[in-house]
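Novice: Got a file for you: upload.txt, compact mmCIF, C-alpha atoms.
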```txt
# COMPACT_ATOMS: atom_id res chain seq x y z
CA MET A 10 109.41 199.13 93.28
CA LYS A 11 106.86 197.08 95.22
CA VAL A 12 107.00 193.28 95.30
CA GLU A 13 104.50 190.88 96.89
CA VAL A 14 104.97 187.10 96.96
CA GLU A 15 102.00 184.73 96.99
CA GLU A 16 102.52 181.04 97.80
CA ILE A 17 100.68 178.90 95.25
CA SER A 18 102.19 175.59 96.38
CA SER A 19 105.34 174.30 98.02
CA THR A 20 107.15 174.64 94.68
CA GLU A 21 105.33 177.57 93.06
CA ARG A 22 105.13 181.27 93.83
CA LYS A 23 103.39 184.23 92.24
CA LEU A 24 105.24 187.55 92.25
CA GLU A 25 103.16 190.72 92.04
CA VAL A 26 105.38 193.59 90.91
CA VAL A 27 104.57 197.30 90.71
CA ILE A 28 107.02 199.60 88.94
CA PRO A 29 106.53 203.26 89.94
CA ALA A 30 105.15 205.76 87.42
CA GLU A 31 108.36 207.83 87.67
CA ARG A 32 110.45 204.86 86.53
CA VAL A 33 108.04 204.14 83.69
CA HIS A 34 108.22 207.80 82.56
CA ASP A 35 112.03 207.79 82.73
CA GLU A 36 112.25 204.64 80.62
CA PHE A 37 109.95 206.13 77.96
CA GLU A 38 112.14 209.25 77.88
CA ARG A 39 115.30 207.19 77.55
CA ALA A 40 113.79 205.03 74.82
CA PHE A 41 112.62 207.98 72.70
CA LYS A 42 116.00 209.72 73.10
CA ASP A 43 117.68 206.56 71.86
CA VAL A 44 115.31 206.40 68.88
CA ALA A 45 115.88 210.11 68.15
CA ARG A 46 119.63 209.58 67.83
CA HIS A 47 119.19 207.05 65.04
CA ALA A 48 115.85 207.92 63.38
CA LYS A 49 115.96 209.06 59.76
CA ILE A 50 112.77 210.85 58.78
CA LYS A 51 112.43 212.97 55.67
CA GLY A 52 112.30 216.68 56.45
CA PHE A 53 114.18 216.40 59.76
CA ARG A 54 117.84 216.31 60.61
CA GLN A 55 119.01 213.10 62.32
CA GLY A 56 118.92 213.64 66.07
CA ARG A 57 116.52 216.60 65.78
CA VAL A 58 113.21 214.84 65.21
CA PRO A 59 110.51 216.15 67.61
CA ARG A 60 108.98 213.73 70.11
CA PRO A 61 105.44 213.88 68.61
CA VAL A 62 106.82 212.87 65.21
CA LEU A 63 108.80 210.02 66.77
CA GLU A 64 105.66 208.84 68.54
CA ARG A 65 103.79 208.77 65.23
CA TYR A 66 106.42 206.54 63.62
CA PHE A 67 107.85 204.50 66.48
CA ALA A 68 105.25 204.37 69.28
CA ASP A 69 104.61 200.63 69.02
CA ASP A 70 108.31 199.74 68.86
CA VAL A 71 109.09 201.95 71.85
CA ARG A 72 106.22 200.57 73.92
CA SER A 73 107.38 197.03 73.19
CA GLN A 74 110.97 197.84 74.14
CA VAL A 75 109.96 199.75 77.29
CA THR A 76 107.72 196.90 78.39
CA SER A 77 110.49 194.35 77.83
CA ASN A 78 113.09 196.44 79.67
CA LEU A 79 110.86 197.24 82.65
CA VAL A 80 109.58 193.68 83.08
CA GLN A 81 113.08 192.26 82.87
CA GLU A 82 114.37 194.84 85.32
CA GLY A 83 111.40 194.38 87.66
CA PHE A 84 111.56 190.59 87.56
CA SER A 85 115.30 190.53 88.31
CA SER A 86 114.81 192.95 91.19
CA ALA A 87 111.85 190.94 92.52
CA ILE A 88 113.90 187.71 92.54
CA GLU A 89 116.73 189.49 94.32
CA GLN A 90 114.38 190.98 96.94
CA SER A 91 112.43 187.77 97.54
CA LYS A 92 115.55 185.54 97.65
CA LEU A 93 113.65 182.88 95.70
CA GLN A 94 115.61 180.10 93.99
CA ILE A 95 113.66 179.81 90.78
CA VAL A 96 113.98 176.79 88.47
CA SER A 97 111.59 177.73 85.65
CA GLN A 98 110.91 180.48 83.17
CA PRO A 99 108.26 182.89 84.49
CA GLU A 100 104.67 182.86 83.28
CA LEU A 101 103.99 186.57 82.87
CA GLU A 102 100.78 188.57 83.01
CA ILE A 103 101.52 192.18 82.12
CA GLY A 104 99.11 195.01 82.81
CA LYS A 105 98.39 198.06 80.69
CA LEU A 106 101.43 200.24 79.96
CA ASP A 107 100.91 203.99 80.26
CA GLU A 108 103.75 206.49 80.35
CA LYS A 109 102.13 208.38 83.22
CA GLU A 110 101.13 205.42 85.37
CA SER A 111 102.72 202.58 87.29
CA LEU A 112 103.28 199.30 85.48
CA ARG A 113 101.88 196.21 87.15
CA PHE A 114 102.74 192.64 86.20
CA SER A 115 102.75 189.21 87.79
CA ALA A 116 105.13 186.28 87.30
CA ARG A 117 104.39 182.68 88.28
CA VAL A 118 107.59 180.72 88.90
CA GLU A 119 108.63 177.32 90.18
CA ILE A 120 111.17 177.28 93.00
CA ARG A 121 113.49 174.79 94.62
CA PRO A 122 111.74 173.17 97.59
CA ASP A 123 112.90 174.04 101.08
CA LEU A 124 115.47 171.43 102.07
CA ALA A 125 116.47 172.69 105.50
CA GLY A 126 117.20 169.90 107.96
CA VAL A 127 117.74 166.88 105.69
CA LYS A 128 117.33 163.73 107.81
CA THR A 129 120.25 161.28 107.74
CA ASP A 130 119.86 159.34 111.00
CA GLY A 131 119.61 155.56 110.76
CA LEU A 132 120.56 155.19 107.10
CA VAL A 133 120.99 151.61 105.91
CA GLY A 134 122.48 150.17 102.76
CA GLU A 135 122.93 146.83 101.02
CA LYS A 136 126.25 145.70 99.58
CA PRO A 137 126.20 142.61 97.36
CA THR A 138 128.83 140.03 98.20
CA VAL A 139 131.40 139.40 95.50
CA ALA A 140 132.30 135.82 94.61
CA ILE A 141 133.86 134.80 91.30
CA ALA A 142 133.31 131.12 90.48
CA ASP A 143 135.21 129.02 87.95
CA GLU A 144 132.02 128.96 85.90
CA ASN A 145 132.19 132.75 85.52
CA ILE A 146 135.73 132.46 84.19
CA ASP A 147 134.72 129.64 81.84
CA ASN A 148 131.99 131.88 80.38
CA VAL A 149 134.49 134.64 79.59
CA VAL A 150 136.94 132.16 78.05
CA ASN A 151 134.16 130.77 75.89
CA GLN A 152 133.16 134.28 74.80
CA LEU A 153 136.77 134.96 73.87
CA ARG A 154 136.87 131.65 72.03
CA ASP A 155 133.69 132.52 70.11
CA ARG A 156 135.17 135.86 69.11
CA PHE A 157 138.14 134.23 67.42
CA ALA A 158 136.27 131.36 65.79
CA GLU A 159 136.99 130.85 62.07
CA LEU A 160 134.69 129.94 59.22
CA VAL A 161 136.10 126.94 57.36
CA PRO A 162 134.61 125.95 53.97
CA VAL A 163 132.78 122.61 53.94
CA GLU A 164 134.10 120.40 51.13
CA ASP A 165 132.68 116.96 51.95
CA ARG A 166 128.96 117.70 51.68
CA THR A 167 126.49 119.93 49.87
CA ASP A 168 123.49 119.61 52.20
CA VAL A 169 122.94 122.68 54.38
CA ALA A 170 122.68 121.96 58.12
CA ARG A 171 121.59 124.02 61.12
CA GLY A 172 124.56 125.88 62.54
CA ASP A 173 126.24 126.17 59.14
CA PHE A 174 127.12 129.54 57.68
CA ALA A 175 125.87 129.84 54.14
CA THR A 176 127.07 132.35 51.56
CA VAL A 177 123.95 133.28 49.61
CA LYS A 178 122.61 135.65 47.01
CA LEU A 179 119.46 137.19 48.47
CA VAL A 180 116.90 139.39 46.75
CA ALA A 181 113.72 140.47 48.54
CA THR A 182 110.86 142.07 46.64
CA LEU A 183 107.48 143.58 47.49
CA ASP A 184 104.89 143.46 44.72
CA GLY A 185 107.72 142.80 42.28
CA GLU A 186 109.78 145.81 43.39
CA PRO A 187 113.19 145.33 45.10
CA VAL A 188 113.22 146.17 48.82
CA GLU A 189 116.01 148.57 49.75
CA GLY A 190 118.53 147.04 52.14
CA LEU A 191 117.49 143.47 51.29
CA GLN A 192 119.50 143.05 48.08
CA HIS A 193 122.75 141.11 48.58
CA GLU A 194 124.93 139.52 45.90
CA SER A 195 126.95 137.71 48.55
CA ALA A 196 125.83 137.59 52.17
CA THR A 197 126.90 135.18 54.90
CA VAL A 198 124.10 134.05 57.18
CA GLU A 199 123.96 131.54 60.01
CA ILE A 200 121.43 128.81 59.30
CA ALA A 201 118.63 129.06 61.89
CA GLY A 202 120.59 131.88 63.53
CA GLY A 203 117.61 134.22 63.69
CA SER A 204 118.89 136.89 61.32
CA LEU A 205 116.25 135.92 58.74
CA PRO A 206 112.50 135.36 59.17
CA SER A 207 111.83 131.89 60.59
CA ALA A 208 110.15 130.65 57.40
CA VAL A 209 113.22 131.57 55.35
CA ASP A 210 115.51 129.99 57.96
CA GLU A 211 113.52 126.75 57.91
CA ARG A 212 113.59 126.54 54.12
CA LEU A 213 117.28 127.39 53.97
CA ALA A 214 118.05 124.54 56.38
CA LEU A 215 116.68 122.12 53.73
CA ALA A 216 118.64 123.55 50.80
CA LYS A 217 121.76 122.35 48.99
CA VAL A 218 124.78 124.20 47.65
CA GLY A 219 123.95 125.55 44.18
CA GLU A 220 120.19 125.43 44.78
CA SER A 221 117.91 128.43 44.19
CA PHE A 222 114.47 128.83 45.73
CA SER A 223 111.76 131.42 46.40
CA ILE A 224 109.61 131.80 49.50
CA GLU A 225 107.03 134.23 50.88
CA ALA A 226 107.76 135.52 54.39
CA PRO A 227 107.40 138.62 56.60
CA PRO A 228 110.12 141.30 56.72
CA PRO A 229 113.13 140.62 59.00
CA GLU A 230 113.26 142.08 62.50
CA GLY A 231 114.24 145.77 62.49
CA ALA A 232 112.75 146.42 59.03
CA PRO A 233 111.22 149.88 58.39
CA GLU A 234 107.78 150.55 59.84
CA GLU A 235 106.14 150.72 56.41
CA LEU A 236 107.08 147.09 55.72
CA LYS A 237 105.42 145.68 58.81
CA GLU A 238 102.40 143.47 58.15
CA LYS A 239 103.65 143.04 54.56
CA SER A 240 104.65 139.79 52.88
CA LEU A 241 107.91 139.78 50.93
CA GLN A 242 109.21 137.37 48.33
CA TYR A 243 112.72 136.12 49.04
CA ASP A 244 114.72 134.73 46.10
CA ILE A 245 117.76 132.90 47.44
CA THR A 246 120.67 131.05 45.86
CA VAL A 247 123.04 129.05 48.08
CA ASN A 248 126.60 129.52 46.80
CA SER A 249 128.64 127.76 49.52
CA ILE A 250 128.59 126.63 53.13
CA SER A 251 131.11 126.90 55.95
CA GLU A 252 131.43 125.59 59.47
CA ARG A 253 132.40 127.63 62.47
CA VAL A 254 135.55 126.18 64.03
CA LEU A 255 136.51 127.24 67.55
CA PRO A 256 140.18 127.53 68.56
CA GLU A 257 141.62 125.11 71.11
CA VAL A 258 141.81 126.54 74.62
CA ASP A 259 145.44 126.07 75.61
CA ASP A 260 148.60 128.05 76.30
CA ASP A 261 148.86 129.08 72.65
CA PHE A 262 145.32 130.44 72.81
CA ALA A 263 146.30 132.45 75.92
CA LYS A 264 149.33 133.88 74.12
CA ASP A 265 147.51 134.72 70.89
CA HIS A 266 144.28 136.09 72.31
CA GLY A 267 144.82 136.89 75.98
CA ASP A 268 148.28 138.47 76.11
CA CYS A 269 149.32 135.84 78.68
CA GLU A 270 152.04 133.19 78.63
CA THR A 271 149.84 130.37 79.92
CA LEU A 272 146.17 129.44 80.11
CA ALA A 273 146.40 129.53 83.91
CA ALA A 274 147.71 133.09 83.76
CA LEU A 275 144.85 134.05 81.41
CA ARG A 276 142.27 132.60 83.78
CA GLU A 277 143.81 134.48 86.70
CA LYS A 278 143.76 137.71 84.67
CA ILE A 279 140.08 137.16 83.88
CA ARG A 280 139.35 136.41 87.54
CA THR A 281 140.96 139.71 88.58
CA GLN A 282 139.00 141.68 85.97
CA LEU A 283 135.73 140.03 86.97
CA GLN A 284 136.52 140.74 90.63
CA GLU A 285 137.17 144.43 89.93
CA ASP A 286 134.01 144.74 87.82
CA ALA A 287 131.94 143.01 90.49
CA MET A 288 133.36 145.28 93.20
CA ARG A 289 132.44 148.36 91.15
CA ARG A 290 128.89 147.08 90.69
CA SER A 291 128.69 146.19 94.38
CA ASP A 292 129.84 149.68 95.42
CA ALA A 293 127.39 151.27 92.97
CA HIS A 294 124.54 149.15 94.36
CA LEU A 295 125.49 150.20 97.88
CA ARG A 296 125.40 153.89 96.96
CA GLU A 297 122.03 153.52 95.28
CA SER A 298 120.55 151.62 98.24
CA VAL A 299 121.75 154.28 100.69
CA LEU A 300 120.33 156.96 98.40
CA ASP A 301 117.01 155.09 98.27
CA ASP A 302 116.84 155.12 102.07
CA LEU A 303 117.76 158.81 102.17
CA LEU A 304 114.91 159.62 99.77
CA LYS A 305 112.45 157.60 101.86
CA LYS A 306 113.38 159.68 104.91
CA ASN A 307 113.15 162.99 103.01
CA THR A 308 110.13 163.10 100.72
CA ILE A 309 109.87 166.37 98.81
CA ASP A 310 107.59 167.99 96.26
CA LEU A 311 109.32 168.16 92.90
CA PRO A 312 109.10 171.20 90.60
CA PRO A 313 107.42 169.88 87.42
CA SER A 314 109.76 171.88 85.18
CA LEU A 315 112.83 170.14 86.63
CA VAL A 316 111.26 166.73 86.05
CA ALA A 317 110.27 167.69 82.49
CA ARG A 318 113.79 168.86 81.67
CA ARG A 319 115.28 165.66 83.09
CA ILE A 320 112.87 163.61 80.96
CA ASP A 321 114.10 165.58 77.93
CA VAL A 322 117.70 164.64 78.76
CA LEU A 323 116.86 160.97 79.29
CA LEU A 324 114.81 160.88 76.10
CA ASP A 325 117.71 162.33 74.09
CA GLU A 326 119.99 159.66 75.56
CA PHE A 327 117.44 156.98 74.62
CA LYS A 328 117.19 158.30 71.07
CA TYR A 329 120.99 158.32 70.79
CA GLU A 330 121.10 154.71 71.98
CA LEU A 331 118.43 153.73 69.45
CA ALA A 332 120.33 155.50 66.65
CA GLY A 333 123.41 153.46 67.53
CA ARG A 334 121.34 150.34 66.78
CA GLY A 335 119.92 151.80 63.58
CA LEU A 336 116.51 152.49 65.15
CA GLN A 337 114.43 155.57 65.91
CA LEU A 338 111.17 156.72 67.47
CA THR A 339 108.96 157.00 64.43
CA ASN A 340 106.02 159.05 65.72
CA THR A 341 104.80 161.25 68.54
CA GLU A 342 102.77 158.41 70.08
CA TYR A 343 105.92 156.33 70.64
CA GLU A 344 107.74 159.38 72.01
CA ALA A 345 104.92 160.11 74.45
CA GLU A 346 105.02 156.48 75.60
CA ALA A 347 108.79 156.71 76.10
CA ARG A 348 108.39 159.92 78.12
CA GLU A 349 105.86 158.26 80.42
CA LYS A 350 108.16 155.30 80.99
CA LEU A 351 111.07 157.63 81.79
CA LYS A 352 109.08 159.73 84.26
CA LEU A 353 109.77 157.65 87.39
CA ARG A 354 113.48 157.57 86.67
CA ALA A 355 113.50 161.33 86.05
CA GLU A 356 111.64 161.99 89.31
CA ARG A 357 114.12 159.88 91.29
CA GLU A 358 117.13 161.59 89.71
CA VAL A 359 115.71 165.07 90.36
CA ALA A 360 114.82 164.17 93.96
CA SER A 361 118.31 162.72 94.48
CA ASP A 362 120.01 165.84 93.15
CA LEU A 363 117.88 168.18 95.25
CA VAL A 364 118.29 166.25 98.51
CA LEU A 365 122.04 165.76 98.07
CA GLU A 366 122.53 169.43 97.13
CA GLY A 367 120.52 170.48 100.17
CA LEU A 368 122.59 168.22 102.39
CA ALA A 369 125.85 169.43 100.83
CA GLU A 370 124.84 173.02 101.62
CA GLN A 371 123.70 171.98 105.10
CA ASP A 372 127.06 170.32 105.83
CA GLY A 373 129.20 172.95 104.10
CA VAL A 374 130.64 170.58 101.51
CA GLU A 375 133.05 172.40 99.19
CA VAL A 376 135.06 171.49 96.09
CA SER A 377 138.34 173.34 95.63
CA ASP A 378 139.31 174.95 92.33
CA GLU A 379 142.22 172.50 92.11
CA ASP A 380 139.94 169.46 92.48
CA LEU A 381 137.51 170.95 89.96
CA ALA A 382 140.32 171.52 87.45
CA GLU A 383 141.53 167.95 87.94
CA GLN A 384 138.06 166.52 87.34
CA ILE A 385 137.52 168.60 84.20
CA GLY A 386 140.97 167.48 83.03
CA LYS A 387 139.85 163.86 83.33
CA ILE A 388 136.71 164.63 81.33
CA LEU A 389 138.76 166.29 78.59
CA ALA A 390 141.26 163.43 78.54
CA SER A 391 138.46 160.93 77.93
CA GLY A 392 136.84 163.06 75.24
CA GLY A 393 138.80 161.62 72.32
CA LYS A 394 138.01 163.38 69.07
CA ASN A 395 135.51 165.62 70.90
CA SER A 396 138.11 166.98 73.33
CA GLU A 397 138.28 170.41 71.68
CA GLN A 398 134.50 170.82 71.80
CA LEU A 399 134.54 169.74 75.43
CA ARG A 400 137.33 172.20 76.20
CA GLU A 401 135.26 175.03 74.74
CA HIS A 402 132.17 173.85 76.67
CA TYR A 403 133.94 173.72 80.03
CA ALA A 404 135.47 177.14 79.52
CA HIS A 405 132.04 178.55 80.47
CA ASP A 406 131.18 179.16 84.12
CA HIS A 407 127.81 177.40 83.94
CA ALA A 408 129.44 174.18 82.73
CA ARG A 409 132.12 174.31 85.42
CA ASP A 410 129.49 175.06 88.05
CA ALA A 411 127.54 171.97 86.94
CA VAL A 412 130.63 169.79 87.41
CA ARG A 413 131.29 171.36 90.81
CA SER A 414 127.69 170.61 91.90
CA GLN A 415 128.00 167.04 90.66
CA MET A 416 131.22 166.60 92.66
CA LYS A 417 129.56 168.03 95.78
CA ARG A 418 126.70 165.55 95.44
CA ALA A 419 129.13 162.67 94.99
CA LEU A 420 131.17 163.69 98.04
CA THR A 421 128.02 164.01 100.10
CA LEU A 422 126.78 160.58 99.07
CA GLU A 423 130.15 158.98 99.84
CA ARG A 424 130.01 160.50 103.33
CA LEU A 425 126.52 159.07 103.83
CA VAL A 426 127.67 155.63 102.71
CA GLY A 427 130.43 155.83 105.30
CA LEU A 428 127.86 156.61 108.02
CA ALA A 429 125.26 154.03 106.95
CA ASP A 430 124.63 150.64 108.51
CA VAL A 431 125.84 148.44 105.63
CA LYS A 432 124.57 144.88 105.30
CA ASP A 433 126.16 142.30 103.02
CA VAL A 434 123.60 140.54 100.82
CA ASP A 435 123.80 137.62 98.43
CA MET A 436 122.15 139.02 95.33
CA SER A 437 122.11 135.62 93.64
CA THR A 438 119.41 134.46 96.06
CA LYS A 439 117.71 137.82 96.71
CA ASP A 440 114.18 138.25 95.33
```
For this file, produce the structure as structure tokens.
Specialist:
Amino acid sequence: MKVEVEEISSTERKLEVVIPAERVHDEFERAFKDVARHAKIKGFRQGRVPRPVLERYFADDVRSQVTSNLVQEGFSSAIEQSKLQIVSQPELEIGKLDEKESLRFSARVEIRPDLAGVKTDGLVGEKPTVAIADENIDNVVNQLRDRFAELVPVEDRTDVARGDFATVKLVATLDGEPVEGLQHESATVEIAGGSLPSAVDERLALAKVGESFSIEAPPPEGAPEELKEKSLQYDITVNSISERVLPEVDDDFAKDHGDCETLAALREKIRTQLQEDAMRRSDAHLRESVLDDLLKKNTIDLPPSLVARRIDVLLDEFKYELAGRGLQLTNTEYEAEAREKLKLRAEREVASDLVLEGLAEQDGVEVSDEDLAEQIGKILASGGKNSEQLREHYAHDHARDAVRSQMKRALTLERLVGLADVKDVDMSTKD
């Protein structure tokens, strides 16, 4: 078999493959013998059908199978001979197939860029300083306090006030027809809290307990696309009002809601947690800043197929996040816009993976089977109800290889961080 490689670009090659006529003839012979063993044609015993008869009935099927077999065989052999690291499916152009002649075909493929000699000299990184102020602790205490606030019925007045929580009956209609999802016999809403359209909020703030009113207003935020630009009628009855009462911040609060004996102990616990979180963010920022500098020193051409696949992954993650908030991309225009916005992130992630993998190979970074098993064990342990599915997934070599590659990249980056010139920065004042 003859193979020629043409360089189209730094990330694309064209393989010209010629499969000898003898191999083509042999594959036709093998294919017709296989058909003969199974063919059932009236007037002939199975396994005894003459070749001309088989050709009359099965010529197209055999040609298709022979072409597929020879191209697959030739392409695999061409990749092995050329030592190319391909990252895309081939774009094939297949010549005329004749049993007595050589088969010629070409395959355009994208390849991993050459990453020999990754530059690491003079790397610098930024590490944000970590300082936890009393104000930070106060914010967490107040959040905890808000979480355990209670709604207490108001008995001494009937006028609704901003900040109250009203229990209402709410019915929204469009052209006299009820709007799905906006029919509530008893719903609790915060007055002027933003959960209702502003016009409804403003009117509700003027209402009294027992009062009913109607008002025209737009749909609430997050309503289905078909309701946008529509005007709905809201029929509302105020049944009762409550006030939000916050718990006292004292030792009892610490015991009940912070698993601590005293308020001082709770504040110290919060300080420690904030410190640990800030250190993790600081370390993550340092790694990213070192990686940014590494990418500046090693610019590479990216295979478009790798970027496209990474965009697909990021888009799926984005859709999953939207679904968790009850939202979705409603048309192809929005999806195309999301893809464009994700492109820069995808390009950086692909470039990072390629450079770190090249450097890991350059430096001989290895991950032992024991370390790999430990890491996969951690993944399975954190899988919760999906642990069995994860176990089945990571039983496959390709999944384990992906984890091993990820670990190699992480080890390589940690080594670079250790070699970099690290500068402490105050992110609170940094532009």
Novice: Extract, using only C-alpha atoms, all DNA, RNA and protein residues at most 8 Å from Arg276 (chain A), discarding same-chain residues fewer than 3 positions from it, and format them as a list in words.
Specialist: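 The residues satisfying every condition are Ile146, Val150, Leu272, Ala273, Ile279 and Arg280 of chain A.
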Novice: Let me see the file: selected residues, C-alpha atoms, as a CSV table (one decimal), keeping the file's coordinate frame.
Specialist:
```
chain,number,residue,atom,x,y,z
A,146,ILE,CA,135.7,132.5,84.2
A,150,VAL,CA,136.9,132.2,78.0
A,272,LEU,CA,146.2,129.4,80.1
A,273,ALA,CA,146.4,129.5,83.9
A,279,ILE,CA,140.1,137.2,83.9
A,280,ARG,CA,139.4,136.4,87.5
```
Novice: What is the CA of Arg357 (chain A) to CA of Lys305 (chain A) distance in Å?
Specialist: 10.9 Å
Novice: Show me, as AutoDock Vina command-line options, the centre and edge lengths in Å to one decimal of the axis-aligned box that covers every listed atom of region 202-210 of chain A with 6 Å on each side.
Specialist:
```
--center_x 115.4 --center_y 133.4 --center_z 59.5 --size_x 22.4 --size_y 18.9 --size_z 20.3
```
Novice: Which polymer residues have any atom within 9 Å of an atom of Glu220 (chain A), counting only C-alpha atoms, with same-chain residues fewer than 2 positions away left out, as a compact mmCIF listing (two decimals) with C-alpha atoms, keeping the file's coordinate frame?
Specialist:
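Listing of result-v7.txt after writing:
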```txt
# COMPACT_ATOMS: atom_id res chain seq x y z
CA ALA A 216 118.64 123.55 50.80
CA LYS A 217 121.76 122.35 48.99
CA VAL A 218 124.78 124.20 47.65
CA PHE A 222 114.47 128.83 45.73
CA ILE A 245 117.76 132.90 47.44
CA THR A 246 120.67 131.05 45.86
CA VAL A 247 123.04 129.05 48.08
CA ASN A 248 126.60 129.52 46.80
```
Novice: Take CA of Val149 (chain A) and CA of Arg253 (chain A) and report the distance between them in Å, one decimal.
Specialist: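 Between CA of Val149 (chain A) and CA of Arg253 (chain A) the gap is 18.6 Å.
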Novice: For Lys328 (chain A), find every residue with an atom within 12 Å (counting only C-alpha atoms), except residues of its own chain fewer than 5 positions away, and show them as a ChimeraX atom specification.
Specialist: /A:321-323,333-339,343-344,347-348
Novice: Near Lys306 (chain A), counting all atoms listed in the file, which residues have an atom at most 10 Å away, once you skip same-chain residues fewer than 6 positions from it, shown as a list in words?
Specialist: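 The contact residues come out as Val127, Lys128, Thr129, Asp130, Gly131, Leu132 and Leu300 of chain A.
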Novice: Could you take the residues named above and write them with C-alpha atoms, as an mmCIF file, keeping the file's coordinate frame?
Specialist:
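Saved the output as part.cif:
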```cif
data_model
loop_
_atom_site.group_PDB
_atom_site.id
_atom_site.type_symbol
_atom_site.label_atom_id
_atom_site.label_comp_id
_atom_site.auth_asym_id
_atom_site.auth_seq_id
_atom_site.Cartn_x
_atom_site.Cartn_y
_atom_site.Cartn_z
ATOM 1 C CA VAL A 127 117.740 166.880 105.690
ATOM 2 C CA LYS A 128 117.330 163.730 107.810
ATOM 3 C CA THR A 129 120.250 161.280 107.740
ATOM 4 C CA ASP A 130 119.860 159.340 111.000
ATOM 5 C CA GLY A 131 119.610 155.560 110.760
ATOM 6 C CA LEU A 132 120.560 155.190 107.100
ATOM 7 C CA LEU A 300 120.330 156.960 98.400
#
```
Novice: May I ask which of the residues A:Glu349, A:Ala355, A:Gly231, A:Ser240 is the closest one to Leu331 (chain A), counting all atoms listed in the file?
Specialist: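 Among the listed residues, A:Gly231 lies closest to Leu331 (chain A).
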Novice: What is the distance, in Å and to one decimal place, between CA of Val364 (chain A) and CA of Asp123 (chain A)?
Specialist: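 These two atoms are separated by 9.8 Å.
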Novice: Return the single residue from A:Ser414, A:Ser298, A:Thr197, A:Thr182 that is closest to Ala369 (chain A), with distances computed using all atoms listed in the file.
Specialist: A:Ser414
Novice: Between A:Arg319, A:Lys394, A:Arg166, A:Arg39, which is the closest to Asp362 (chain A) once you count all atoms listed in the file?
Specialist: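 Of A:Arg319, A:Lys394, A:Arg166, A:Arg39, the one nearest Asp362 (chain A) is A:Arg319, counting all atoms listed in the file.
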Novice: Find, counting all atoms listed in the file, the residue in A:Lys105, A:Arg60, A:Lys92, A:Arg32 that gets nearest to Val14 (chain A).
Specialist: A:Lys92
Novice: Residues within 8 Å of region 152-161 of chain A, please, as a ChimeraX atom specification. Count all atoms listed in the file; anything in the same chain fewer than 3 positions from it doesn't count.
Specialist: /A:148-149,174,251-256,258,266
Novice: Which one of A:Val12, A:Ile385, A:Ile309, A:Ala429 sits closest to Arg413 (chain A) if you count all atoms listed in the file?
Specialist: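 With all atoms listed in the file as the atom set, the closest residue is A:Ile385.
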Novice: Which region 398-423 of chain A residues have any atom within 8 Å of an atom of region 372-383 of chain A, and for each, what is the nearest pair of atoms with distance in Å to one decimal, counting all atoms listed in the file, rows sorted by chain and number, as a Markdown table?
Specialist:
```
| residue | atom | partner | partner_atom | distance |
| --- | --- | --- | --- | --- |
| A:Arg409 | CA | A:Leu381 | CA | 7.8 |
| A:Val412 | CA | A:Leu381 | CA | 7.4 |
| A:Arg413 | CA | A:Leu381 | CA | 6.3 |
| A:Met416 | CA | A:Val376 | CA | 7.1 |
| A:Lys417 | CA | A:Val374 | CA | 6.4 |
| A:Leu420 | CA | A:Val374 | CA | 7.7 |
| A:Thr421 | CA | A:Val374 | CA | 7.2 |
```
Novice: Mind writing the picked residues with C-alpha atoms as a PDB file, in the frame of the given file?
Specialist:
```pdb
ATOM      1  CA  ARG A 409     132.120 174.310  85.420  1.00  0.00           C
ATOM      2  CA  VAL A 412     130.630 169.790  87.410  1.00  0.00           C
ATOM      3  CA  ARG A 413     131.290 171.360  90.810  1.00  0.00           C
ATOM      4  CA  MET A 416     131.220 166.600  92.660  1.00  0.00           C
ATOM      5  CA  LYS A 417     129.560 168.030  95.780  1.00  0.00           C
ATOM      6  CA  LEU A 420     131.170 163.690  98.040  1.00  0.00           C
ATOM      7  CA  THR A 421     128.020 164.010 100.100  1.00  0.00           C
TER       8      THR A 421
END
```
Novice: Could you check the closest approach to Asp310 (chain A) for each of A:Asp435, A:Glu297, A:Glu13, A:Glu21 and tell me which residue wins, using all atoms listed in the file?
Specialist: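 Of A:Asp435, A:Glu297, A:Glu13, A:Glu21, the one nearest Asp310 (chain A), counting all atoms listed in the file, is A:Glu21.
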